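Written out below as structure tokens is the structure these notes cover.
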Amino acid sequence: MTIKYSKKIHLFTIISVALIVLGFALGTVFHFLSGNFFNYGGEYSSYKEVVVTYEIVEFKTEEEVKNICVKAFGDSGISNYAYTYGKTSLGGELTFRINDTADQTKIDGAVNAIETELRKGGDFSSVTSRDTKAVIGGEHVLVFASIALATAVAFSFIYTAIRFKFAAAFTAIIIHLHNLCLYAAILALCRVPVTSAAMAFGALVAIITAICLTFIFSGIRGNLKADDGKKPAIADMCDTSANGVFAYNVCVTAFVAIVAIIAFAALAISVIPLSPIAIISPVFSGILAAAVAFYGCQFYAPALFPATDKAWTAVKTSVKKKPASSGKAKNA
């Protein structure tokens with residue numbers, strides 16, 4: 001099946017603009033109502049924390065202490081929490097991160113139960129409970145993410161300009177910005193919890209975009225060279241090239257997305273027990289990042305390139321005519 005991408009530029013533009021405007025509008029409304037453009041979760045949200053420390057003279061392994069804590073939380077009716085472990089000079093430290101909305105009475109009951117059990121083993125263990133308010137606001141996260149992504153986009157622009165000329169480079173930078181804005185807008189629109197996984201998948205958008213655009217532009221250049229000096233319509237060349245690399249872009253997008261999602265799933269194993277939202281959020285972000293990048297590269301880029309190429313040709317023509325016209329004026 002041959003898709004005429006170049007003839008659907010208006011449709012793709014309407015879809016993209018509608019989603020971006022809706023997403024940013026909703027995010028702005030929530031920013032003024034609750035102070036958060038995105039629905040921040042995980043490490044970007046406030047939480048309650050229980051920290052348990054022990055010494056080896058009392059407990060030989062982390063597993064012994066963890067079992068005591070897990071039982072106490074279960075008996076108190078606390079089922080969803082994140083768990084991390086770290087070594088200390090004398091033993092270990094277990095940290096349990098609990099949702100900020102959890103009943104403090106249940107947490108206090110679990111803390112008392114843990115203290116009671118630990119005291120049976122000696123006097124060197126301790127349990128502390130505290131509220132932790134998130135100090136990293138959405139603006140700070142977006143600033144640091146924007147710096148990293150801007151660097152990636154700049155490298156992509158330079159590489160594309162050197163290998164495929166400036167018309168392709170300007171198309172690439174537009175597609176990069178389009179994909180990143182669309183990804184952020186849909187995250188704001190769907191209100192799924194935005195964690196470090198969602199931020200990292202923003203880089204995934206840039207990576208997939210750069211790879212897929214390289215396939216698109218390589219196909220265009222190859223088809224132009226194969227035409228033995230003829231000058232076919234650039235729109236037809238874009239359509240032919242995009243259809244020719246469709247399978248490659250599908251495979252690359254799927255492979256990179258699957259690898260990234262598996263990597264974050266491996267990191268999520270440390271969450272005991274795994275809450276549904278802890279699984280759904282990064283998986284959704286990974287799938288969304290891949291889908292947005294694929295749509296932007298495979299559908300919007302070949303539709304946009306003819307217009308960009310035409311504009312760049314007009315600019316070059318205008319620049320070349322200026323010296324000649326100024327020379328005539330002087331002679332006159």
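So you can find residues: chains in the structure tokens are A, B, ... in the order shown, residues in each start at 1, and ligands are numbered from 1 in order.
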
Return as a VMD selection string the full set of residues in segment 32-262 of chain A whose backbone-based DSSP assignment is strand (DSSP E).
chain A and resid 47 to 55 81 to 87 91 to 99 126 to 132

Can you list, as a list in words, every protein, DNA or RNA residue that comes within 7 Å of Asp239 of chain A when you count only C-alpha atoms, leaving out same-chain residues fewer than 3 positions away?
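Those residues are Ile3, Lys4, Tyr5, Ser6, Ala235, Asp236, Ala242, Asn243 and Pro302 of chain A.
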
In segment 66-287 of chain A, DSSP alpha helix (DSSP H) residues written as a tab-separated table (two decimals) with C-alpha atoms, in the first residue's frame:
```tsv
chain	number	residue	atom	x	y	z
A	66	LYS	CA	12.58	-6.63	55.85
A	67	ASN	CA	10.29	-9.54	56.79
A	68	ILE	CA	9.54	-7.89	60.13
A	69	CYS	CA	8.66	-4.61	58.42
A	70	VAL	CA	6.56	-6.19	55.66
A	71	LYS	CA	4.53	-8.11	58.25
A	72	ALA	CA	3.98	-4.96	60.34
A	73	PHE	CA	2.82	-2.96	57.32
A	74	GLY	CA	0.51	-5.77	56.25
A	75	ASP	CA	-1.02	-6.07	59.71
A	76	SER	CA	-1.65	-2.30	59.75
A	104	GLN	CA	-0.90	8.36	59.57
A	105	THR	CA	-2.53	6.29	62.31
A	106	LYS	CA	-1.84	3.10	60.35
A	107	ILE	CA	1.75	4.18	59.75
A	108	ASP	CA	2.25	4.89	63.47
A	109	GLY	CA	0.84	1.46	64.29
A	110	ALA	CA	3.26	-0.19	61.86
A	111	VAL	CA	6.19	1.79	63.28
A	112	ASN	CA	5.32	0.72	66.85
A	113	ALA	CA	5.04	-2.91	65.76
A	114	ILE	CA	8.40	-2.78	63.97
A	115	GLU	CA	10.07	-1.14	67.00
A	116	THR	CA	8.63	-3.81	69.32
A	117	GLU	CA	10.01	-6.65	67.18
A	118	LEU	CA	13.38	-5.03	66.65
A	119	ARG	CA	13.85	-4.40	70.38
A	120	LYS	CA	13.60	-8.15	70.93
A	121	GLY	CA	16.85	-8.52	69.04
A	138	GLY	CA	7.67	20.91	37.67
A	139	GLU	CA	9.49	23.98	36.39
A	140	HIS	CA	12.89	22.75	37.65
A	141	VAL	CA	12.38	19.32	36.13
A	142	LEU	CA	11.38	20.80	32.80
A	143	VAL	CA	14.39	23.13	32.76
A	144	PHE	CA	16.90	20.32	33.21
A	145	ALA	CA	15.04	18.04	30.79
A	146	SER	CA	14.89	20.86	28.25
A	147	ILE	CA	18.64	21.42	28.42
A	148	ALA	CA	19.37	17.75	27.74
A	149	LEU	CA	16.82	17.53	24.94
A	150	ALA	CA	17.96	20.80	23.36
A	151	THR	CA	21.49	19.40	23.19
A	152	ALA	CA	20.25	16.24	21.46
A	153	VAL	CA	18.19	18.26	18.97
A	154	ALA	CA	21.16	20.52	18.22
A	155	PHE	CA	23.39	17.55	17.44
A	156	SER	CA	20.66	16.09	15.22
A	157	PHE	CA	20.36	19.40	13.34
A	158	ILE	CA	24.12	19.64	12.74
A	159	TYR	CA	24.40	16.01	11.61
A	160	THR	CA	21.43	16.31	9.26
A	161	ALA	CA	22.68	19.61	7.80
A	162	ILE	CA	26.10	18.09	7.03
A	163	ARG	CA	24.76	14.86	5.53
A	164	PHE	CA	21.45	15.90	3.93
A	165	LYS	CA	21.68	19.70	3.47
A	166	PHE	CA	19.79	22.48	5.23
A	167	ALA	CA	16.28	21.78	3.94
A	168	ALA	CA	16.39	18.39	5.66
A	169	ALA	CA	18.03	19.91	8.76
A	170	PHE	CA	15.26	22.48	9.20
A	171	THR	CA	12.66	19.77	8.68
A	172	ALA	CA	14.42	17.67	11.33
A	173	ILE	CA	14.41	20.41	13.94
A	174	ILE	CA	10.72	21.14	13.30
A	175	ILE	CA	9.88	17.44	13.68
A	176	HIS	CA	11.94	17.19	16.88
A	177	LEU	CA	10.09	20.13	18.42
A	178	HIS	CA	6.75	18.80	17.13
A	179	ASN	CA	7.33	15.36	18.66
A	180	LEU	CA	8.51	16.67	22.03
A	181	CYS	CA	5.62	19.14	22.29
A	182	LEU	CA	3.13	16.44	21.31
A	183	TYR	CA	4.58	14.02	23.89
A	184	ALA	CA	4.38	16.63	26.66
A	185	ALA	CA	0.88	17.69	25.62
A	186	ILE	CA	-0.52	14.15	25.69
A	187	LEU	CA	1.08	13.52	29.10
A	188	ALA	CA	-0.63	16.65	30.40
A	189	LEU	CA	-3.88	15.72	28.68
A	190	CYS	CA	-4.05	12.13	29.99
A	196	SER	CA	11.59	10.11	36.19
A	197	ALA	CA	10.61	7.38	33.71
A	198	ALA	CA	8.37	9.79	31.80
A	199	MET	CA	11.14	12.40	31.77
A	200	ALA	CA	13.69	9.86	30.52
A	201	PHE	CA	11.30	8.75	27.78
A	202	GLY	CA	11.42	12.33	26.53
A	203	ALA	CA	15.00	11.51	25.52
A	204	LEU	CA	13.62	8.35	23.90
A	205	VAL	CA	11.45	10.55	21.68
A	206	ALA	CA	14.56	12.44	20.51
A	207	ILE	CA	16.53	9.23	19.88
A	208	ILE	CA	13.81	7.51	17.86
A	209	THR	CA	13.14	10.73	15.94
A	210	ALA	CA	16.80	11.11	14.96
A	211	ILE	CA	17.09	7.49	13.78
A	212	CYS	CA	13.83	7.40	11.82
A	213	LEU	CA	14.49	10.75	10.16
A	214	THR	CA	17.86	9.46	9.02
A	215	PHE	CA	16.09	6.58	7.25
A	216	ILE	CA	13.61	9.01	5.65
A	217	PHE	CA	16.25	11.43	4.39
A	218	SER	CA	18.55	8.63	3.23
A	219	GLY	CA	15.67	7.24	1.18
A	220	ILE	CA	14.97	10.64	-0.40
A	221	ARG	CA	18.63	11.16	-1.31
A	222	GLY	CA	18.93	7.64	-2.68
A	223	ASN	CA	15.83	8.00	-4.86
A	224	LEU	CA	17.01	11.32	-6.23
A	225	LYS	CA	20.39	9.84	-7.19
A	234	ILE	CA	9.96	16.36	-4.40
A	235	ALA	CA	6.57	15.43	-2.94
A	236	ASP	CA	6.56	12.18	-4.92
A	237	MET	CA	10.11	11.45	-3.75
A	238	CYS	CA	9.08	11.96	-0.13
A	239	ASP	CA	6.09	9.65	-0.48
A	240	THR	CA	8.18	6.94	-2.18
A	241	SER	CA	10.95	7.18	0.39
A	242	ALA	CA	8.62	7.16	3.40
A	243	ASN	CA	6.77	4.11	2.09
A	244	GLY	CA	10.09	2.40	1.39
A	246	PHE	CA	8.06	2.16	6.72
A	247	ALA	CA	9.09	-1.32	7.91
A	248	TYR	CA	12.51	-0.10	9.08
A	249	ASN	CA	10.96	2.68	11.16
A	250	VAL	CA	8.42	0.30	12.70
A	251	CYS	CA	11.17	-2.14	13.72
A	252	VAL	CA	13.49	0.55	15.10
A	253	THR	CA	10.70	2.22	17.06
A	254	ALA	CA	9.46	-1.06	18.53
A	255	PHE	CA	12.96	-2.28	19.41
A	256	VAL	CA	14.08	0.92	21.15
A	257	ALA	CA	10.78	1.24	23.04
A	258	ILE	CA	10.81	-2.38	24.22
A	259	VAL	CA	14.41	-2.13	25.43
A	260	ALA	CA	13.65	1.10	27.32
A	261	ILE	CA	10.49	-0.28	28.93
A	262	ILE	CA	12.27	-3.48	30.00
A	263	ALA	CA	15.07	-1.42	31.53
A	264	PHE	CA	12.63	0.57	33.64
A	265	ALA	CA	10.70	-2.58	34.53
A	266	ALA	CA	13.94	-4.06	35.88
A	267	LEU	CA	14.44	-0.97	38.04
A	276	PRO	CA	-0.59	-1.06	39.40
A	277	ILE	CA	0.17	2.63	38.83
A	278	ALA	CA	3.92	1.99	39.29
A	279	ILE	CA	3.72	-0.40	36.32
A	280	ILE	CA	1.18	1.44	34.15
A	281	SER	CA	2.83	4.87	34.29
A	282	PRO	CA	6.28	4.02	32.82
A	283	VAL	CA	4.81	1.53	30.34
A	284	PHE	CA	2.31	4.12	29.11
A	285	SER	CA	5.06	6.77	28.88
A	286	GLY	CA	7.29	4.42	26.87
A	287	ILE	CA	4.54	3.44	24.45
```

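Here atom CA of Asn80 of chain A is placed at a distance of 29.1 Å from atom CA of Ala290 of chain A.
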
When you draw a straight line from atom CA of Thr53 of chain A to atom CA of Gly86 of chain A, how long is it in Å?
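Atom CA of Thr53 of chain A sits 9.5 Å away from atom CA of Gly86 of chain A.
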
Could you check how far atom CA of Lys87 of chain A sits from atom CA of Tyr54 of chain A, in Å to one decimal?
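Atom CA of Tyr54 of chain A lies 9.8 Å from atom CA of Lys87 of chain A.
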
So which residues touch Thr95 of chain A within 9 Å, counting only C-alpha atoms, skipping near sequence neighbours fewer than 5 positions away, as a list in words?
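The residues that qualify are Glu49, Val50, Val51, Val52, Thr53, Ala82, Tyr83, Thr84, Tyr85 and Gly86 of chain A.
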
Of the candidates A:Val194, A:Ala314, A:Val29, A:Leu94, which shows the shortest atom-to-atom distance to Glu55 of chain A, using only C-alpha atoms?
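Using only C-alpha atoms, Glu55 of chain A sits closest to A:Leu94.
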